[in-house]
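Next up, my_file.cif (mmCIF, C-alpha atoms and all ligand atoms):
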```cif
data_query
loop_
_atom_site.group_PDB
_atom_site.id
_atom_site.type_symbol
_atom_site.label_atom_id
_atom_site.label_comp_id
_atom_site.auth_asym_id
_atom_site.auth_seq_id
_atom_site.Cartn_x
_atom_site.Cartn_y
_atom_site.Cartn_z
ATOM 1 C CA MET A 1 -2.317 2.205 -31.439
ATOM 2 C CA ALA A 2 -0.677 3.712 -28.439
ATOM 3 C CA SER A 3 -2.917 4.981 -25.719
ATOM 4 C CA ASN A 4 -5.454 3.886 -23.191
ATOM 5 C CA SER A 5 -7.950 6.560 -24.135
ATOM 6 C CA PRO A 6 -11.553 5.442 -23.500
ATOM 7 C CA THR A 7 -12.941 2.757 -25.798
ATOM 8 C CA THR A 8 -16.677 3.008 -26.357
ATOM 9 C CA LEU A 9 -18.566 -0.248 -26.128
ATOM 10 C CA PRO A 10 -21.350 -0.741 -28.695
ATOM 11 C CA SER A 11 -24.723 0.326 -27.312
ATOM 12 C CA GLY A 12 -26.322 -2.428 -25.231
ATOM 13 C CA SER A 13 -22.900 -3.995 -24.529
ATOM 14 C CA LYS A 14 -21.482 -4.284 -21.042
ATOM 15 C CA ILE A 15 -18.514 -5.858 -19.300
ATOM 16 C CA ILE A 16 -18.632 -7.135 -15.721
ATOM 17 C CA LEU A 17 -15.457 -8.374 -14.046
ATOM 18 C CA TYR A 18 -15.750 -10.701 -11.047
ATOM 19 C CA ALA A 19 -12.450 -10.477 -9.264
ATOM 20 C CA GLU A 20 -10.446 -9.640 -6.168
ATOM 21 C CA HIS A 21 -7.832 -6.907 -6.014
ATOM 22 C CA GLY A 22 -5.067 -9.003 -4.412
ATOM 23 C CA CYS A 23 -5.242 -11.873 -6.911
ATOM 24 C CA PRO A 24 -2.393 -11.895 -9.477
ATOM 25 C CA PHE A 25 -4.631 -13.656 -12.026
ATOM 26 C CA ALA A 26 -7.498 -11.180 -11.650
ATOM 27 C CA HIS A 27 -4.884 -8.426 -11.853
ATOM 28 C CA ARG A 28 -4.253 -9.419 -15.490
ATOM 29 C CA ALA A 29 -7.891 -8.750 -16.338
ATOM 30 C CA TYR A 30 -7.885 -5.356 -14.616
ATOM 31 C CA ILE A 31 -4.714 -4.306 -16.440
ATOM 32 C CA ALA A 32 -5.995 -5.488 -19.831
ATOM 33 C CA LEU A 33 -9.252 -3.559 -19.300
ATOM 34 C CA HIS A 34 -7.417 -0.401 -18.251
ATOM 35 C CA GLU A 35 -4.844 -0.589 -21.052
ATOM 36 C CA SER A 36 -7.709 -1.027 -23.537
ATOM 37 C CA GLY A 37 -9.542 1.981 -22.100
ATOM 38 C CA LEU A 38 -12.670 -0.058 -21.350
ATOM 39 C CA SER A 39 -15.189 0.758 -18.677
ATOM 40 C CA TYR A 40 -16.519 -2.173 -16.676
ATOM 41 C CA GLU A 41 -18.409 -3.094 -13.558
ATOM 42 C CA ASP A 42 -16.081 -4.348 -10.822
ATOM 43 C CA VAL A 43 -17.694 -7.066 -8.686
ATOM 44 C CA ILE A 44 -15.480 -8.126 -5.779
ATOM 45 C CA ILE A 45 -15.639 -11.769 -4.718
ATOM 46 C CA ASP A 46 -14.643 -12.401 -1.106
ATOM 47 C CA LEU A 47 -12.156 -15.272 -1.355
ATOM 48 C CA ASP A 48 -12.079 -15.733 2.431
ATOM 49 C CA LYS A 49 -15.614 -17.140 2.304
ATOM 50 C CA PRO A 50 -16.971 -20.173 0.449
ATOM 51 C CA ARG A 51 -18.258 -19.150 -2.963
ATOM 52 C CA GLU A 52 -21.977 -18.479 -3.083
ATOM 53 C CA PRO A 53 -24.173 -20.555 -5.448
ATOM 54 C CA TRP A 54 -24.780 -17.578 -7.788
ATOM 55 C CA TYR A 55 -21.017 -17.265 -8.357
ATOM 56 C CA LEU A 56 -20.567 -21.000 -8.872
ATOM 57 C CA GLU A 57 -23.105 -20.699 -11.673
ATOM 58 C CA ILE A 58 -20.850 -18.089 -13.268
ATOM 59 C CA ASN A 59 -17.649 -20.026 -12.662
ATOM 60 C CA ALA A 60 -18.086 -23.651 -11.577
ATOM 61 C CA ARG A 61 -14.450 -23.706 -10.396
ATOM 62 C CA GLY A 62 -15.207 -20.895 -7.970
ATOM 63 C CA LEU A 63 -12.090 -19.036 -9.080
ATOM 64 C CA VAL A 64 -11.566 -15.389 -9.959
ATOM 65 C CA PRO A 65 -11.369 -13.753 -12.411
ATOM 66 C CA SER A 66 -14.478 -14.295 -14.534
ATOM 67 C CA LEU A 67 -15.565 -11.875 -17.232
ATOM 68 C CA HIS A 68 -19.221 -11.431 -18.113
ATOM 69 C CA VAL A 69 -19.657 -9.953 -21.590
ATOM 70 C CA LYS A 70 -23.075 -8.720 -22.680
ATOM 71 C CA HIS A 71 -22.898 -8.173 -26.405
ATOM 72 C CA GLY A 72 -25.427 -8.322 -29.254
ATOM 73 C CA GLY A 73 -28.147 -9.507 -26.880
ATOM 74 C CA VAL A 74 -26.033 -12.484 -25.788
ATOM 75 C CA ASP A 75 -24.463 -13.024 -22.348
ATOM 76 C CA THR A 76 -21.149 -14.880 -22.322
ATOM 77 C CA ILE A 77 -18.898 -15.772 -19.412
ATOM 78 C CA ILE A 78 -15.181 -16.055 -20.028
ATOM 79 C CA THR A 79 -12.940 -17.620 -17.400
ATOM 80 C CA GLU A 80 -9.183 -18.162 -16.961
ATOM 81 C CA SER A 81 -7.135 -14.989 -16.745
ATOM 82 C CA GLU A 82 -4.925 -15.528 -19.809
ATOM 83 C CA ASN A 83 -7.985 -16.309 -21.876
ATOM 84 C CA ILE A 84 -9.700 -13.155 -20.582
ATOM 85 C CA ALA A 85 -6.643 -11.013 -21.367
ATOM 86 C CA TRP A 86 -6.401 -12.436 -24.902
ATOM 87 C CA PHE A 87 -10.127 -11.839 -25.457
ATOM 88 C CA ILE A 88 -9.866 -8.186 -24.381
ATOM 89 C CA ALA A 89 -6.795 -7.576 -26.544
ATOM 90 C CA ASP A 90 -8.436 -9.275 -29.541
ATOM 91 C CA ALA A 91 -11.876 -7.719 -29.236
ATOM 92 C CA PHE A 92 -10.771 -4.142 -28.511
ATOM 93 C CA PRO A 93 -7.667 -3.308 -30.559
ATOM 94 C CA SER A 94 -5.044 -1.316 -28.657
ATOM 95 C CA HIS A 95 -1.273 -1.189 -28.159
ATOM 96 C CA LEU A 96 -1.495 -4.549 -26.328
ATOM 97 C CA LEU A 97 -1.476 -6.608 -29.534
ATOM 98 C CA PRO A 98 -1.365 -5.936 -33.259
ATOM 99 C CA PRO A 99 -4.553 -7.230 -34.921
ATOM 100 C CA PRO A 100 -3.815 -10.519 -36.742
ATOM 101 C CA ALA A 101 -3.735 -8.756 -40.104
ATOM 102 C CA ASP A 102 -0.484 -9.997 -41.593
ATOM 103 C CA VAL A 103 2.513 -12.247 -41.039
ATOM 104 C CA LYS A 104 4.400 -9.609 -38.996
ATOM 105 C CA ALA A 105 1.451 -9.182 -36.607
ATOM 106 C CA SER A 106 0.937 -12.933 -36.345
ATOM 107 C CA LEU A 107 4.632 -13.409 -35.566
ATOM 108 C CA PHE A 108 4.381 -10.877 -32.748
ATOM 109 C CA ARG A 109 1.334 -12.705 -31.361
ATOM 110 C CA ALA A 110 3.166 -16.025 -31.614
ATOM 111 C CA ARG A 111 6.105 -14.546 -29.688
ATOM 112 C CA VAL A 112 3.795 -13.256 -26.955
ATOM 113 C CA ARG A 113 2.165 -16.698 -26.602
ATOM 114 C CA TRP A 114 5.553 -18.406 -26.442
ATOM 115 C CA PHE A 115 6.912 -15.918 -23.913
ATOM 116 C CA ALA A 116 3.870 -16.140 -21.622
ATOM 117 C CA ASP A 117 3.843 -19.926 -21.794
ATOM 118 C CA THR A 118 7.585 -20.315 -21.195
ATOM 119 C CA TYR A 119 7.558 -17.830 -18.337
ATOM 120 C CA ARG A 120 4.694 -19.706 -16.672
ATOM 121 C CA VAL A 121 6.303 -23.134 -16.969
ATOM 122 C CA LYS A 122 9.966 -22.258 -16.393
ATOM 123 C CA VAL A 123 9.666 -19.415 -13.895
ATOM 124 C CA HIS A 124 6.264 -19.025 -12.162
ATOM 125 C CA ASP A 125 5.447 -22.695 -11.639
ATOM 126 C CA LYS A 126 8.963 -23.425 -10.406
ATOM 127 C CA ALA A 127 8.961 -20.412 -8.071
ATOM 128 C CA PHE A 128 5.604 -21.549 -6.705
ATOM 129 C CA GLY A 129 7.111 -24.987 -6.035
ATOM 130 C CA MET A 130 9.500 -23.299 -3.569
ATOM 131 C CA ILE A 131 6.657 -23.136 -1.053
ATOM 132 C CA LYS A 132 7.078 -26.872 -0.552
ATOM 133 C CA CYS A 133 10.842 -26.692 0.113
ATOM 134 C CA ARG A 134 11.870 -28.078 3.485
ATOM 135 C CA THR A 135 15.507 -27.019 3.404
ATOM 136 C CA ASP A 136 17.483 -23.964 2.231
ATOM 137 C CA GLU A 137 19.437 -26.221 -0.146
ATOM 138 C CA GLU A 138 16.224 -27.230 -1.953
ATOM 139 C CA GLY A 139 15.214 -23.569 -2.312
ATOM 140 C CA ILE A 140 18.651 -22.515 -3.569
ATOM 141 C CA ALA A 141 18.643 -25.307 -6.177
ATOM 142 C CA ILE A 142 15.260 -24.097 -7.505
ATOM 143 C CA ILE A 143 16.413 -20.457 -7.655
ATOM 144 C CA LYS A 144 19.525 -21.468 -9.587
ATOM 145 C CA GLU A 145 17.378 -23.448 -12.014
ATOM 146 C CA ILE A 146 15.016 -20.481 -12.520
ATOM 147 C CA VAL A 147 17.983 -18.141 -13.080
ATOM 148 C CA ARG A 148 19.349 -20.544 -15.703
ATOM 149 C CA HIS A 149 15.959 -20.642 -17.493
ATOM 150 C CA ILE A 150 15.691 -16.839 -17.432
ATOM 151 C CA GLN A 151 19.206 -16.507 -18.856
ATOM 152 C CA GLN A 152 18.761 -19.162 -21.529
ATOM 153 C CA GLU A 153 15.141 -18.779 -22.570
ATOM 154 C CA ILE A 154 13.631 -15.522 -21.340
ATOM 155 C CA GLU A 155 16.401 -12.952 -21.706
ATOM 156 C CA PRO A 156 16.985 -13.571 -25.451
ATOM 157 C CA HIS A 157 13.339 -12.516 -25.941
ATOM 158 C CA LEU A 158 13.838 -9.326 -23.962
ATOM 159 C CA LEU A 159 16.928 -8.062 -25.767
ATOM 160 C CA ASP A 160 14.803 -5.883 -28.069
ATOM 161 C CA ALA A 161 12.531 -4.607 -25.262
ATOM 162 C CA ALA A 162 12.197 -0.830 -25.607
ATOM 163 C CA PRO A 163 11.295 -0.797 -22.834
ATOM 164 C CA PHE A 164 8.488 -3.342 -23.355
ATOM 165 C CA PHE A 165 8.207 -6.644 -25.148
ATOM 166 C CA GLY A 166 9.089 -6.799 -28.834
ATOM 167 C CA GLY A 167 10.440 -3.238 -28.978
ATOM 168 C CA SER A 168 7.132 -1.669 -27.918
ATOM 169 C CA ALA A 169 7.086 1.717 -26.216
ATOM 170 C CA TYR A 170 3.789 0.703 -24.560
ATOM 171 C CA PRO A 171 2.859 -2.314 -22.468
ATOM 172 C CA THR A 172 1.899 -5.358 -24.515
ATOM 173 C CA LEU A 173 -0.082 -8.469 -23.710
ATOM 174 C CA ALA A 174 3.222 -10.093 -22.682
ATOM 175 C CA GLU A 175 3.555 -7.590 -19.815
ATOM 176 C CA VAL A 176 -0.142 -8.008 -18.901
ATOM 177 C CA ILE A 177 0.129 -11.791 -18.588
ATOM 178 C CA VAL A 178 3.597 -12.181 -17.122
ATOM 179 C CA GLY A 179 3.892 -8.884 -15.275
ATOM 180 C CA THR A 180 1.506 -9.430 -12.376
ATOM 181 C CA HIS A 181 3.730 -12.212 -11.035
ATOM 182 C CA VAL A 182 6.914 -10.270 -11.867
ATOM 183 C CA LEU A 183 5.553 -7.313 -9.897
ATOM 184 C CA ARG A 184 4.903 -9.522 -6.861
ATOM 185 C CA ALA A 185 8.245 -11.346 -7.074
ATOM 186 C CA HIS A 186 10.079 -7.998 -7.209
ATOM 187 C CA SER A 187 8.038 -6.551 -4.396
ATOM 188 C CA TRP A 188 8.673 -9.567 -2.109
ATOM 189 C CA SER A 189 12.348 -9.423 -2.943
ATOM 190 C CA ARG A 190 12.765 -5.649 -2.387
ATOM 191 C CA ASN A 191 10.856 -5.840 0.878
ATOM 192 C CA GLY A 192 12.870 -8.717 2.279
ATOM 193 C CA LEU A 193 10.067 -11.290 2.175
ATOM 194 C CA THR A 194 12.250 -13.612 0.163
ATOM 195 C CA PRO A 195 15.911 -14.206 1.079
ATOM 196 C CA ARG A 196 18.515 -11.634 0.022
ATOM 197 C CA PHE A 197 20.178 -14.417 -1.961
ATOM 198 C CA ILE A 198 17.232 -14.496 -4.402
ATOM 199 C CA HIS A 199 17.387 -10.725 -4.916
ATOM 200 C CA GLU A 200 21.113 -10.947 -5.659
ATOM 201 C CA GLN A 201 20.726 -13.902 -8.013
ATOM 202 C CA TYR A 202 18.120 -12.083 -10.131
ATOM 203 C CA SER A 203 19.668 -8.619 -10.114
ATOM 204 C CA THR A 204 23.237 -9.786 -10.784
ATOM 205 C CA ASN A 205 22.725 -12.763 -13.064
ATOM 206 C CA CYS A 206 19.675 -11.688 -15.069
ATOM 207 C CA PRO A 207 20.329 -7.987 -15.829
ATOM 208 C CA VAL A 208 18.223 -7.846 -19.018
ATOM 209 C CA HIS A 209 15.238 -9.363 -17.246
ATOM 210 C CA TRP A 210 15.844 -7.140 -14.201
ATOM 211 C CA ARG A 211 15.829 -3.944 -16.318
ATOM 212 C CA TRP A 212 12.606 -5.006 -18.036
ATOM 213 C CA ALA A 213 10.981 -5.982 -14.702
ATOM 214 C CA GLU A 214 11.812 -2.563 -13.236
ATOM 215 C CA LYS A 215 9.889 -0.961 -16.131
ATOM 216 C CA VAL A 216 6.985 -3.391 -15.730
ATOM 217 C CA MET A 217 6.662 -2.351 -12.090
ATOM 218 C CA GLN A 218 6.182 1.265 -13.150
ATOM 219 C CA ILE A 219 3.312 0.682 -15.605
ATOM 220 C CA PRO A 220 0.523 2.943 -14.250
ATOM 221 C CA SER A 221 -2.330 0.486 -14.986
ATOM 222 C CA PHE A 222 -0.617 -2.099 -12.741
ATOM 223 C CA HIS A 223 -1.203 0.228 -9.786
ATOM 224 C CA VAL A 224 -4.903 0.921 -10.265
ATOM 225 C CA THR A 225 -6.032 -2.067 -8.183
ATOM 226 C CA TRP A 226 -2.718 -3.224 -6.632
ATOM 227 C CA SER A 227 -1.736 -1.939 -3.229
ATOM 228 C CA GLU A 228 1.764 -3.037 -2.313
ATOM 229 C CA GLU A 229 1.105 -2.429 1.361
ATOM 230 C CA SER A 230 -1.957 -4.666 1.596
ATOM 231 C CA ALA A 231 -0.381 -7.305 -0.680
ATOM 232 C CA LEU A 232 2.679 -7.438 1.590
ATOM 233 C CA SER A 233 0.616 -7.820 4.736
ATOM 234 C CA GLN A 234 -1.523 -10.536 3.062
ATOM 235 C CA VAL A 235 1.567 -12.459 1.986
ATOM 236 C CA LYS A 236 3.166 -12.138 5.438
ATOM 237 C CA LYS A 237 -0.004 -13.605 6.953
ATOM 238 C CA ARG A 238 0.077 -16.507 4.472
ATOM 239 C CA MET A 239 3.793 -17.085 5.090
ATOM 240 C CA SER A 240 3.336 -17.294 8.852
ATOM 241 C CA ALA A 241 0.330 -19.628 8.390
ATOM 242 C CA HIS A 242 2.494 -21.809 6.146
ATOM 243 C CA ALA A 243 5.409 -21.753 8.619
ATOM 244 C CA GLU A 244 2.980 -22.753 11.383
ATOM 245 C CA LYS A 245 1.653 -25.634 9.238
ATOM 246 C CA ILE A 246 5.211 -26.903 8.608
ATOM 247 C CA ARG A 247 6.050 -26.531 12.311
ATOM 248 C CA LYS A 248 2.992 -28.652 13.224
ATOM 249 C CA GLU A 249 3.877 -31.278 10.592
ATOM 250 C CA VAL A 250 7.430 -31.543 11.949
ATOM 251 C CA GLU A 251 6.093 -31.781 15.516
ATOM 252 C CA THR A 252 3.628 -34.556 14.542
ATOM 253 C CA GLU A 253 6.408 -36.460 12.776
ATOM 254 C CA ARG A 254 8.692 -36.154 15.834
ATOM 255 C CA LEU A 255 5.900 -37.434 18.073
ATOM 256 C CA ARG A 256 5.231 -40.336 15.709
ATOM 257 C CA ILE A 257 8.912 -41.359 15.754
ATOM 258 C CA TYR A 258 9.069 -40.936 19.552
ATOM 259 C CA ASN A 259 5.990 -43.187 20.023
ATOM 260 C CA GLU A 260 7.329 -45.764 17.572
ATOM 261 C CA VAL A 261 10.659 -45.961 19.452
ATOM 262 C CA ARG A 262 8.864 -46.093 22.820
ATOM 263 C CA GLU A 263 6.557 -48.914 21.645
ATOM 264 C CA GLU A 264 9.549 -50.842 20.304
ATOM 265 C CA ARG A 265 11.360 -50.419 23.634
ATOM 266 C CA GLU A 266 8.271 -51.523 25.585
ATOM 267 C CA GLU A 267 7.920 -54.543 23.317
ATOM 268 C CA GLN A 268 11.602 -55.441 23.849
ATOM 269 C CA ALA A 269 11.231 -54.940 27.595
ATOM 270 C CA GLY A 270 8.125 -57.197 27.576
ATOM 271 C CA LYS A 271 10.003 -59.941 25.707
ATOM 272 C CA SER A 272 12.975 -59.874 28.063
ATOM 273 C CA VAL A 273 10.832 -60.323 31.217
HETATM 274 N N1 LIG B 301 -5.864 -20.458 -13.640
HETATM 275 C C1 LIG B 301 -6.704 -19.483 -13.022
HETATM 276 C C2 LIG B 301 -6.262 -19.285 -11.598
HETATM 277 C C3 LIG B 301 -7.171 -18.335 -10.833
HETATM 278 C C4 LIG B 301 -6.965 -18.452 -9.326
HETATM 279 O O1 LIG B 301 -6.285 -19.376 -8.830
HETATM 280 N N2 LIG B 301 -7.551 -17.518 -8.584
HETATM 281 C C5 LIG B 301 -7.511 -17.635 -7.142
HETATM 282 C C6 LIG B 301 -7.286 -16.287 -6.492
HETATM 283 S S1 LIG B 301 -5.677 -15.647 -6.815
HETATM 284 C C7 LIG B 301 -8.883 -18.072 -6.659
HETATM 285 O O2 LIG B 301 -9.883 -17.720 -7.220
HETATM 286 N N3 LIG B 301 -8.909 -18.833 -5.586
HETATM 287 C C8 LIG B 301 -10.150 -19.248 -5.020
HETATM 288 C C9 LIG B 301 -9.972 -20.025 -3.796
HETATM 289 O O3 LIG B 301 -8.843 -20.288 -3.443
HETATM 290 O O4 LIG B 301 -10.965 -20.398 -3.182
HETATM 291 C C10 LIG B 301 -6.655 -18.193 -13.826
HETATM 292 O O5 LIG B 301 -5.611 -17.942 -14.436
HETATM 293 O O6 LIG B 301 -7.647 -17.469 -13.876
#
```
File written out as structure tokens:
Amino acid sequence: MASNSPTTLPSGSKIILYAEHGCPFAHRAYIALHESGLSYEDVIIDLDKPREPWYLEINARGLVPSLHVKHGGVDTIITESENIAWFIADAFPSHLLPPPADVKASLFRARVRWFADTYRVKVHDKAFGMIKCRTDEEGIAIIKEIVRHIQQEIEPHLLDAAPFFGGSAYPTLAEVIVGTHVLRAHSWSRNGLTPRFIHEQYSTNCPVHWRWAEKVMQIPSFHVTWSEESALSQVKKRMSAHAEKIRKEVETERLRIYNEVREEREEQAGKSV
């Protein structure tokens, strides 16, 4: 199946998505819904405020996204973005996933699971860890490790991309799950929010991944709720808040050392009197 023409929900059924447009996890749910041609109610949760009790009843973790599915007289809440994306692709057959009808389809699904899992562990989680780096050397070491993982583990699975995962002409669940972070990483890199070195490492050393990522960035459903401009300004705000936090930590540490040395000196001076 190869289109996102409207999918009609059975009468009495309804889908409500609790989300926020800047969140990369919620973004997966939006894309899966749009690719599947589903209509839904979009309830925006303000993440700058503490979650209200009614939302904590929907999702005790207070996170977005959450999907509320009314079907067959039963209300069910599904949480965790990958889980939501898999549910949508399973329940409403589309080009995202082949239905698990035979070995070929099951192999494709197994590849998507492996790809999404490996990308999360070997690329996203490691890239996220860069936030904690205190020196350029630490950051460069992480980038080199990520590049090595992309070359060794990710790129072999993208060799048949045409232009999407597994030779598909249309976005698959692999793009839905992995792509929202790829989109952000590329956007930061093109807009100079991450060092030029990172851009060069990815574009020069991971050409297969780079070509695929360029296509992912152009998928129309990715741009329904994503605004690069507001995402960039949000990330700049977070980066300066983080830089300020580090600056304060360094200042506190300097003051601690200064006081320690001063106390030691005073103690020595007291002893020698
Ligand atoms: N593992 C979760 C992560 C969801 C998540 O971290 N969402 C963030 C927004 S991007 C959130 O809800 N944060 C709430 C908060 O920080 O208070 C998923 O995949 O759905």
Subject >> Distance query segment 236-252 of chain A at most 12 Å, all atoms listed in the file, self and fewer than 5 positions along chain excluded, as a PyMOL selection string >> reply: chain A and resi 131-135+188+191-194+229-231+257-259
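Shell of segment 161-175 of chain A at 9 Å, with only C-alpha atoms counted and residues fewer than 4 places along the chain excluded, is Ala2, Ser3, Ala32, Glu35, Ala85, Trp86, Ala89, His95, Leu96, Leu97, Phe108, Arg109, Arg111, Val112, Arg113, Phe115, Ala116, His157, Gly179, Thr180, Arg211, Trp212, Lys215, Val216 and Ile219 of chain A.
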List every residue of segment 63-85 of chain A that has an atom at most 12 Å from any atom of segment 38-54 of chain A, and for each one report the closest atom pair and its distance in Å to one decimal, counting all atoms listed in the file, with rows sorted by chain and then by increasing residue number, as a tab-separated table.
```
residue	atom	partner	partner_atom	distance
A:Leu63	CA	A:Leu47	CA	8.6
A:Val64	CA	A:Ile45	CA	7.6
A:Pro65	CA	A:Ile45	CA	9.0
A:Ser66	CA	A:Val43	CA	9.8
A:Leu67	CA	A:Tyr40	CA	9.8
A:His68	CA	A:Glu41	CA	9.5
A:Val69	CA	A:Tyr40	CA	9.7
A:Lys70	CA	A:Tyr40	CA	11.0
```
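Nearest residue to ligand LIG 301 (chain B), choosing from A:Leu107, A:Ile140, A:Ile84, A:Val261 and counting all atoms listed in the file: A:Ile84.
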Original post:
If we count all atoms listed in the file, what is near Pro207 of chain A at a cut-off of 12 Å, once residues fewer than 4 positions away on the same chain are taken out, given as a ChimeraX atom specification?
Top reply: /A:147,150-151,154-156,158-159,199-203,211-214
Write to file, as a PDB file, keeping the file's coordinate frame, the residues of the selection just made, with C-alpha atoms.
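Result went into selection.pdb, see below:
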```pdb
ATOM      1  CA  VAL A 147      17.983 -18.141 -13.080  1.00  0.00           C
ATOM      2  CA  ILE A 150      15.691 -16.839 -17.432  1.00  0.00           C
ATOM      3  CA  GLN A 151      19.206 -16.507 -18.856  1.00  0.00           C
ATOM      4  CA  ILE A 154      13.631 -15.522 -21.340  1.00  0.00           C
ATOM      5  CA  GLU A 155      16.401 -12.952 -21.706  1.00  0.00           C
ATOM      6  CA  PRO A 156      16.985 -13.571 -25.451  1.00  0.00           C
ATOM      7  CA  LEU A 158      13.838  -9.326 -23.962  1.00  0.00           C
ATOM      8  CA  LEU A 159      16.928  -8.062 -25.767  1.00  0.00           C
ATOM      9  CA  HIS A 199      17.387 -10.725  -4.916  1.00  0.00           C
ATOM     10  CA  GLU A 200      21.113 -10.947  -5.659  1.00  0.00           C
ATOM     11  CA  GLN A 201      20.726 -13.902  -8.013  1.00  0.00           C
ATOM     12  CA  TYR A 202      18.120 -12.083 -10.131  1.00  0.00           C
ATOM     13  CA  SER A 203      19.668  -8.619 -10.114  1.00  0.00           C
ATOM     14  CA  ARG A 211      15.829  -3.944 -16.318  1.00  0.00           C
ATOM     15  CA  TRP A 212      12.606  -5.006 -18.036  1.00  0.00           C
ATOM     16  CA  ALA A 213      10.981  -5.982 -14.702  1.00  0.00           C
ATOM     17  CA  GLU A 214      11.812  -2.563 -13.236  1.00  0.00           C
TER      18      GLU A 214
END
```
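Take the candidates A:Gly270, A:Gly129, A:Pro100, A:Gly22 and check each one against Ile142 of chain A using only C-alpha atoms; the shortest distance goes to A:Gly129.
Nearest residue to ligand LIG 301 (chain B), choosing from A:Gly62, A:Pro98, A:Gly37, A:Pro6 and counting all atoms listed in the file: A:Gly62.
From atom CA of His34 of chain A back to atom CA of Val74 of chain A, the distance works out to 23.4 Å.
Candidate residues A:Val235, A:Lys144, A:Arg265, A:Ser187 were compared for distance to Cys206 of chain A, and the nearest is A:Lys144, using all atoms listed in the file.
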Original post:
When distances are computed from only C-alpha atoms and all ligand atoms, which of A:Ser81, A:Val224, A:His27, A:Leu17 shows the smallest separation from ligand LIG 301 (chain B)?
Top reply: A:Ser81
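Between atom CA of Asp75 of chain A and atom CA of Ile58 of chain A lies a distance of 11.0 Å.
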Subject >> Best match for closeness to ligand LIG 301 (chain B) among A:Leu9, A:Ala101, A:Ala110, A:Ile177, counting only C-alpha atoms and all ligand atoms >> reply: A:Ile177
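You will find atom CA of Ser106 of chain A at 19.4 Å from atom CA of Val178 of chain A.
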Around all the atoms of ligand LIG 301 (chain B) listed in the file, with 5 Å of room on each side, what axis-aligned box do you get, giving centre and edge lengths in Å to one decimal, as AutoDock Vina command-line options?
```
--center_x -8.3 --center_y -18.1 --center_z -8.8 --size_x 15.4 --size_y 14.8 --size_z 21.3
```
